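Reading through the structure tokens given below for one structure.
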There are 2 protein chains.
Amino acid sequence: MTATDDHIDRLPTPAMVRATSQAERVADMLRAFVIDGELAPGVRLSEEKLSRKYQVSRNTLREAFRLLSRERLLVHRMHRGVFVAHPTGEDVRDLFNARRALELPAVRGAAHAPEPLIRSVGAAVEAGEQARAESDWWRMGSANMHFHEALGALAQSARVDEFMRQVLAETRLVFHVMAAPREFHDPYLPWNRRIHLALTAGDTEAAAEELSEYLATSEEQLTTAFTEMERAARD
Amino acid sequence: MTATDDHIDRLPTPAMVRATSQAERVADMLRAFVIDGELAPGVRLSEEKLSRKYQVSRNTLREAFRLLSRERLLVHRMHRGVFVAHPTGEDVRDLFNARRALELPAVRGAAHAPEPLIRSVGAAVEAGEQARAESDWWRMGSANMHFHEALGALAQSARVDEFMRQVLAETRLVFHVMAAPREFHDPYLPWNRRIHLALTAGDTEAAAEELSEYLATSEEQLTTAFTEMERAARD
DNA sequence: CATCGTTGGATTGTTGAACAATACTGCAAT
DNA sequence: ATTGCAGTATTGTTCAACAATCCAACGATG
């Protein structure tokens with residue numbers, strides 16, 4: 001053996017090869033289902049049915065539930081069961097406040113961000129445009145998510161990244177609540193393009209300005225549709 | 001009965017009277033223990049011992065573990081058990097990046113924040129000064145936490161608030177890792193006072209400047225002490 | 001002497017069954 | 001229209017068991 005073991009350092013980190021428990025695997029599955037809308041907001045997840053369907057014990061399933069409820073994707077109601085989260089109008093406002101608090105400063109500070117981070121913003125833009133060209137509305141939504149994830153990544157903190165992912169997952173849930181048609185995603189692609197353009201030009205303030213308008217417009221659109229819906233539900 | 005039922009609206013909201021499960025109660029306990037340092041970073045939490053001590057089944061205890069591991073206060077290592085999180089030097093840097101990303105913009109946007117939020121910042125400052133007057137170092141640390149929690153609250157998002165709490169809890173863990181003496185908290189009180197002063201004067205930029213220096217100093221102090229410690233641990 | 005294979009004991013991972021506690025539905029009574 | 005009261009379904013929690021895995025100790029090997 002050599003005295004130095006830099007070849008060992010090149011190997012995948014422990015975090016990449018960690019064996020996962022059943023609870024985590026089930027949680028990963030359910031998380032994907034919820035984000036993809038296959039499990040509609042408000043739906044109750046029966047312990048008995050799910051444990052039978054996925055061949056895990058009720059106890060293991062409940063561990064998975066605990067994980068996801070801390071992510072706000074599921075809500076635990078005592079003696080009633082766990083349900084897919086069902087965001088309200090107030091949640092929408094809170095989510096956008098959170099995004100403003102995170103994304104805007106991240107963009108404004110982009111001058112100090114390393115080049116690859118900006119590049120991945122551009123990649124997300126292009127992925128979105130390509131999805132649009134192929135009329136793949138689902139992939140378009142994913143690309144939009146990645147775009148904003150990339151914006152959050154400019155803050156250069158793994159914890160902020162995770163928080164962003166969580167907030168964006170919840171935001172996607174909002175779309176599912178109203179079975180948002182593609183028109184909701186549609187007008188935002190050019191915005192993403194402009195934001196990225198301003199970023200590469202080094203004009204962070206212009207990028208922040210565009211982003212701010214984007215967020216305001218999106219929130220406005222969602223909240224009006226939401227209050228409309230909630231009013232209709234009351235009658 | 002009257003036609004209006006505003007007297008019902010005055011009652012505590014469901015969130016305040018919700019019955020809690022054992023798993024949540026145990027999680028609350030453990031969380032408090034971890035934050036208070038009664039459970040030292042790196043310590044392993046034996047399922048058998050804890051379940052016996054707190055009269056809950058192993059399964060229930062595991063549910064609590066799942067909750068806390070998603071908060072990064074515990075880490076789950078497959079087939080090895082759960083341990084109190086033991087932040088590294090890299091974690092310290094990430095935590096401070098996250099705090100910069102959140103607190104600085106929150107302070108800069110304080111002009112649009114409602115009055116009571118600024119007041120609670122002041123309250124935290126005074127609580128800290130009073131604790132200092134009474135040489136209650138423990139309460140001083142708590143007050144400092146509340147101070148920065150109050151800064152984060154300027155963003156006006158419940159989700160950001162929760163994230164801040166989590167980040168600050170982890171930061172407190174960092175102090176426990178090195179059994180930080182009171183000198184670590186000591187010089188920061190005047191800074192808090194100045195930040196609050198600038199805020200009430202409406203000079204958000206000055207406040208942000210002070211906060212930025214505070215964070216840089218604190219991070220510097222912690223990371224040097226940390227790398228020192230980690231180097232010592234290797235020998 | 002450092003490394004590797006093996007073995008035994010301890011702990012976690014997961015399950016299935018059981019029972020208690022609670023919520024929900026429907027119906028009768030007021 | 002509200003209240004009271006079944007009966008039923010589901011969750012909350014425990015327990016005991018077993019499989020899977022880690023870990024420390026001990027020797028074997030080069």
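Within each chain, counting starts at residue 1; across the structure tokens, chains are named A, B, ... in the order shown, with ligands numbered 1 upward in that order.
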
Compute the chain A side of the contact with chain C at 10 Å, counting only C-alpha atoms (C1' of nucleotides), and hand it back as a count of residues only. 11

Dump as a PyMOL selection string the residues of chain D that approach chain A to within 8 Å, counting only C-alpha atoms (C1' of nucleotides). chain D and resi 10-12

For the selection you just gave me, I'd like the residues written to a file as a JSON list (two decimals), in the first residue's frame, keeping N, CA and C atoms (P, O5', C5', C4', C3', O3' and C1' of nucleotides).
[["chain", "number", "residue", "atom", "x", "y", "z"],
["D", 10, "DT", "P", -61.63, 0.74, 8.46],
["D", 10, "DT", "O5'", -60.66, 1.61, 9.36],
["D", 10, "DT", "C5'", -60.96, 2.99, 9.54],
["D", 10, "DT", "C4'", -60.03, 3.57, 10.58],
["D", 10, "DT", "C3'", -58.58, 3.12, 10.43],
["D", 10, "DT", "O3'", -57.75, 4.24, 10.21],
["D", 10, "DT", "C1'", -59.34, 2.92, 12.68],
["D", 11, "DT", "P", -56.18, 4.12, 10.10],
["D", 11, "DT", "O5'", -55.68, 4.70, 11.50],
["D", 11, "DT", "C5'", -56.13, 5.97, 11.91],
["D", 11, "DT", "C4'", -55.93, 6.15, 13.40],
["D", 11, "DT", "C3'", -54.47, 6.17, 13.86],
["D", 11, "DT", "O3'", -54.30, 7.25, 14.78],
["D", 11, "DT", "C1'", -55.66, 4.57, 15.09],
["D", 12, "DG", "P", -52.86, 7.59, 15.37],
["D", 12, "DG", "O5'", -52.84, 6.80, 16.75],
["D", 12, "DG", "C5'", -53.46, 7.39, 17.88],
["D", 12, "DG", "C4'", -53.03, 6.69, 19.16],
["D", 12, "DG", "C3'", -51.51, 6.63, 19.37],
["D", 12, "DG", "O3'", -51.22, 6.92, 20.74],
["D", 12, "DG", "C1'", -52.39, 4.44, 19.36]]

Show me, as a VMD selection string, the residues of chain A whose atoms get within 9 Å of chain B, using only C-alpha atoms for the distance check. chain A and resid 18 to 21 59 to 60 62 to 71 77 to 78 93 to 98 100 to 102 104 to 106 155 to 160 163 167

Would you put the residues from that selection into a file with C-alpha atoms, as an mmCIF file, in the first residue's frame?
data_model
loop_
_atom_site.group_PDB
_atom_site.id
_atom_site.type_symbol
_atom_site.label_atom_id
_atom_site.label_comp_id
_atom_site.auth_asym_id
_atom_site.auth_seq_id
_atom_site.Cartn_x
_atom_site.Cartn_y
_atom_site.Cartn_z
ATOM 1 C CA ARG A 18 -25.621 4.319 3.074
ATOM 2 C CA ALA A 19 -28.067 1.476 3.312
ATOM 3 C CA THR A 20 -31.570 2.765 3.756
ATOM 4 C CA SER A 21 -34.202 1.446 6.065
ATOM 5 C CA ASN A 59 -45.103 0.185 12.725
ATOM 6 C CA THR A 60 -42.620 0.721 9.922
ATOM 7 C CA ARG A 62 -45.809 4.924 10.900
ATOM 8 C CA GLU A 63 -42.095 5.712 11.047
ATOM 9 C CA ALA A 64 -42.311 6.805 7.435
ATOM 10 C CA PHE A 65 -45.341 8.938 8.277
ATOM 11 C CA ARG A 66 -43.401 10.702 11.004
ATOM 12 C CA LEU A 67 -40.639 11.570 8.584
ATOM 13 C CA LEU A 68 -43.021 13.048 6.041
ATOM 14 C CA SER A 69 -45.147 14.910 8.526
ATOM 15 C CA ARG A 70 -42.057 16.837 9.632
ATOM 16 C CA GLU A 71 -41.691 17.858 5.996
ATOM 17 C CA ARG A 77 -54.400 14.147 13.033
ATOM 18 C CA MET A 78 -54.682 12.353 16.319
ATOM 19 C CA ARG A 93 -49.021 33.541 1.305
ATOM 20 C CA ASP A 94 -46.603 32.065 3.814
ATOM 21 C CA LEU A 95 -44.880 30.013 1.158
ATOM 22 C CA PHE A 96 -44.332 33.023 -1.054
ATOM 23 C CA ASN A 97 -43.070 35.084 1.838
ATOM 24 C CA ALA A 98 -40.582 32.329 2.535
ATOM 25 C CA ARG A 100 -39.101 35.998 -1.235
ATOM 26 C CA ALA A 101 -37.018 35.844 1.930
ATOM 27 C CA LEU A 102 -34.748 33.241 0.395
ATOM 28 C CA LEU A 104 -34.350 37.391 -3.643
ATOM 29 C CA PRO A 105 -31.304 37.758 -1.389
ATOM 30 C CA ALA A 106 -29.750 34.692 -2.993
ATOM 31 C CA ALA A 155 -26.948 30.956 -0.934
ATOM 32 C CA GLN A 156 -24.421 28.107 -0.718
ATOM 33 C CA SER A 157 -25.857 26.311 2.259
ATOM 34 C CA ALA A 158 -26.944 22.689 2.253
ATOM 35 C CA ARG A 159 -29.529 23.516 4.884
ATOM 36 C CA VAL A 160 -30.990 26.309 2.834
ATOM 37 C CA PHE A 163 -35.430 24.116 3.008
ATOM 38 C CA VAL A 167 -40.904 24.850 0.251
#

Have a look at atom CA of Val107 of chain A and atom CA of Ile195 of chain A and let me know their distance in Å, one decimal.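 It comes out at 9.1 Å.
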
Strand (DSSP E or B) residues, from DSSP on the backbone, in segment 54-210 of chain A, as a PyMOL selection string: chain A and resi 74-77+81-84

What residues in segment 123-184 of chain A get the DSSP label alpha helix (DSSP H)? Please answer as a PyMOL selection string. chain A and resi 123-133+137-153+158-177

Would you mind exporting N, CA and C atoms of the selected residues as a compact mmCIF listing (two decimals), in the first residue's frame?
# COMPACT_ATOMS: atom_id res chain seq x y z
N ALA A 123 -29.13 25.81 -16.98
CA ALA A 123 -29.53 24.46 -17.39
C ALA A 123 -31.00 24.24 -17.13
N ALA A 124 -31.46 24.73 -15.99
CA ALA A 124 -32.88 24.57 -15.65
C ALA A 124 -33.76 25.34 -16.62
N VAL A 125 -33.30 26.51 -17.01
CA VAL A 125 -34.07 27.30 -17.98
C VAL A 125 -34.23 26.53 -19.28
N GLU A 126 -33.10 26.00 -19.74
CA GLU A 126 -33.15 25.29 -21.02
C GLU A 126 -33.99 24.03 -20.95
N ALA A 127 -33.88 23.32 -19.82
CA ALA A 127 -34.71 22.12 -19.65
C ALA A 127 -36.18 22.50 -19.74
N GLY A 128 -36.53 23.62 -19.17
CA GLY A 128 -37.92 24.06 -19.22
C GLY A 128 -38.35 24.39 -20.63
N GLU A 129 -37.48 25.08 -21.36
CA GLU A 129 -37.84 25.47 -22.73
C GLU A 129 -37.96 24.25 -23.63
N GLN A 130 -37.08 23.30 -23.39
CA GLN A 130 -37.17 22.09 -24.20
C GLN A 130 -38.47 21.32 -23.90
N ALA A 131 -38.80 21.25 -22.63
CA ALA A 131 -40.04 20.56 -22.25
C ALA A 131 -41.24 21.26 -22.89
N ARG A 132 -41.16 22.58 -22.93
CA ARG A 132 -42.24 23.33 -23.54
C ARG A 132 -42.34 23.03 -25.03
N ALA A 133 -41.18 22.95 -25.67
CA ALA A 133 -41.16 22.65 -27.10
C ALA A 133 -41.82 21.30 -27.38
N TRP A 137 -45.90 19.15 -20.30
CA TRP A 137 -46.21 20.11 -19.24
C TRP A 137 -45.73 19.65 -17.89
N TRP A 138 -45.69 18.35 -17.73
CA TRP A 138 -45.23 17.84 -16.45
C TRP A 138 -43.76 18.15 -16.23
N ARG A 139 -42.95 17.88 -17.25
CA ARG A 139 -41.53 18.15 -17.14
C ARG A 139 -41.28 19.65 -17.02
N MET A 140 -42.17 20.42 -17.62
CA MET A 140 -42.05 21.88 -17.52
C MET A 140 -42.15 22.32 -16.05
N GLY A 141 -43.10 21.74 -15.37
CA GLY A 141 -43.25 22.07 -13.95
C GLY A 141 -42.01 21.67 -13.16
N SER A 142 -41.49 20.50 -13.45
CA SER A 142 -40.28 20.05 -12.75
C SER A 142 -39.12 20.99 -13.03
N ALA A 143 -38.99 21.38 -14.29
CA ALA A 143 -37.89 22.28 -14.65
C ALA A 143 -38.01 23.60 -13.90
N ASN A 144 -39.23 24.08 -13.78
CA ASN A 144 -39.44 25.34 -13.05
C ASN A 144 -39.01 25.19 -11.59
N MET A 145 -39.36 24.03 -11.03
CA MET A 145 -38.92 23.76 -9.67
C MET A 145 -37.41 23.79 -9.57
N HIS A 146 -36.77 23.12 -10.51
CA HIS A 146 -35.30 23.07 -10.47
C HIS A 146 -34.70 24.46 -10.64
N PHE A 147 -35.36 25.26 -11.45
CA PHE A 147 -34.87 26.63 -11.65
C PHE A 147 -34.80 27.37 -10.32
N HIS A 148 -35.88 27.30 -9.58
CA HIS A 148 -35.89 28.04 -8.32
C HIS A 148 -35.02 27.36 -7.26
N GLU A 149 -34.90 26.05 -7.36
CA GLU A 149 -33.98 25.35 -6.49
C GLU A 149 -32.56 25.87 -6.75
N ALA A 150 -32.26 26.06 -8.02
CA ALA A 150 -30.92 26.54 -8.39
C ALA A 150 -30.71 27.97 -7.88
N LEU A 151 -31.76 28.76 -7.89
CA LEU A 151 -31.64 30.11 -7.33
C LEU A 151 -31.31 30.04 -5.85
N GLY A 152 -32.02 29.19 -5.14
CA GLY A 152 -31.77 29.06 -3.71
C GLY A 152 -30.37 28.56 -3.43
N ALA A 153 -29.84 27.75 -4.34
CA ALA A 153 -28.51 27.18 -4.15
C ALA A 153 -27.43 28.25 -4.15
N ALA A 158 -26.20 23.93 2.44
CA ALA A 158 -26.94 22.69 2.25
C ALA A 158 -28.28 22.76 2.98
N ARG A 159 -28.28 23.44 4.13
CA ARG A 159 -29.53 23.52 4.88
C ARG A 159 -30.55 24.38 4.18
N VAL A 160 -30.08 25.46 3.60
CA VAL A 160 -30.99 26.31 2.83
C VAL A 160 -31.50 25.54 1.62
N ASP A 161 -30.62 24.78 0.99
CA ASP A 161 -31.04 23.97 -0.16
C ASP A 161 -32.20 23.05 0.23
N GLU A 162 -32.03 22.39 1.34
CA GLU A 162 -33.07 21.46 1.77
C GLU A 162 -34.37 22.20 2.06
N PHE A 163 -34.24 23.32 2.70
CA PHE A 163 -35.43 24.12 3.01
C PHE A 163 -36.13 24.53 1.72
N MET A 164 -35.36 24.96 0.75
CA MET A 164 -35.93 25.34 -0.54
C MET A 164 -36.69 24.17 -1.17
N ARG A 165 -36.06 23.02 -1.17
CA ARG A 165 -36.72 21.84 -1.74
C ARG A 165 -38.07 21.61 -1.06
N GLN A 166 -38.07 21.78 0.25
CA GLN A 166 -39.29 21.53 1.00
C GLN A 166 -40.37 22.54 0.62
N VAL A 167 -39.95 23.79 0.57
CA VAL A 167 -40.90 24.85 0.25
C VAL A 167 -41.45 24.67 -1.17
N LEU A 168 -40.57 24.27 -2.08
CA LEU A 168 -41.02 24.09 -3.46
C LEU A 168 -41.94 22.88 -3.59
N ALA A 169 -41.63 21.84 -2.82
CA ALA A 169 -42.51 20.67 -2.84
C ALA A 169 -43.91 21.07 -2.37
N GLU A 170 -43.94 21.87 -1.33
CA GLU A 170 -45.23 22.32 -0.82
C GLU A 170 -45.94 23.20 -1.85
N THR A 171 -45.16 24.02 -2.53
CA THR A 171 -45.74 24.89 -3.55
C THR A 171 -46.37 24.05 -4.65
N ARG A 172 -45.69 22.99 -4.99
CA ARG A 172 -46.25 22.11 -6.01
C ARG A 172 -47.57 21.51 -5.53
N LEU A 173 -47.62 21.24 -4.25
CA LEU A 173 -48.87 20.72 -3.67
C LEU A 173 -50.00 21.71 -3.91
N VAL A 174 -49.67 22.98 -3.82
CA VAL A 174 -50.68 24.01 -4.05
C VAL A 174 -51.29 23.87 -5.44
N PHE A 175 -50.44 23.60 -6.41
CA PHE A 175 -50.94 23.43 -7.77
C PHE A 175 -51.89 22.24 -7.86
N HIS A 176 -51.56 21.20 -7.14
CA HIS A 176 -52.41 20.02 -7.18
C HIS A 176 -53.76 20.28 -6.52
N VAL A 177 -53.76 21.14 -5.53
CA VAL A 177 -55.02 21.43 -4.84
C VAL A 177 -56.05 21.93 -5.85

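Pairwise distance (atom CA of Val26 of chain A, atom CA of His86 of chain A) equals 20.6 Å.
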
Point-to-point distance from atom CA of Leu211 of chain B to atom CA of Asn192 of chain B, Å rounded to tenths: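 Distance reported for this atom pair: 8.0 Å.
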
I want to know what sits within 12 Å of Ala233 of chain A, based on only C-alpha atoms (C1' of nucleotides), with residues of the same chain fewer than 6 positions away left out; could you give that as an MDAnalysis selection string? chainID A and resid 178 226:227
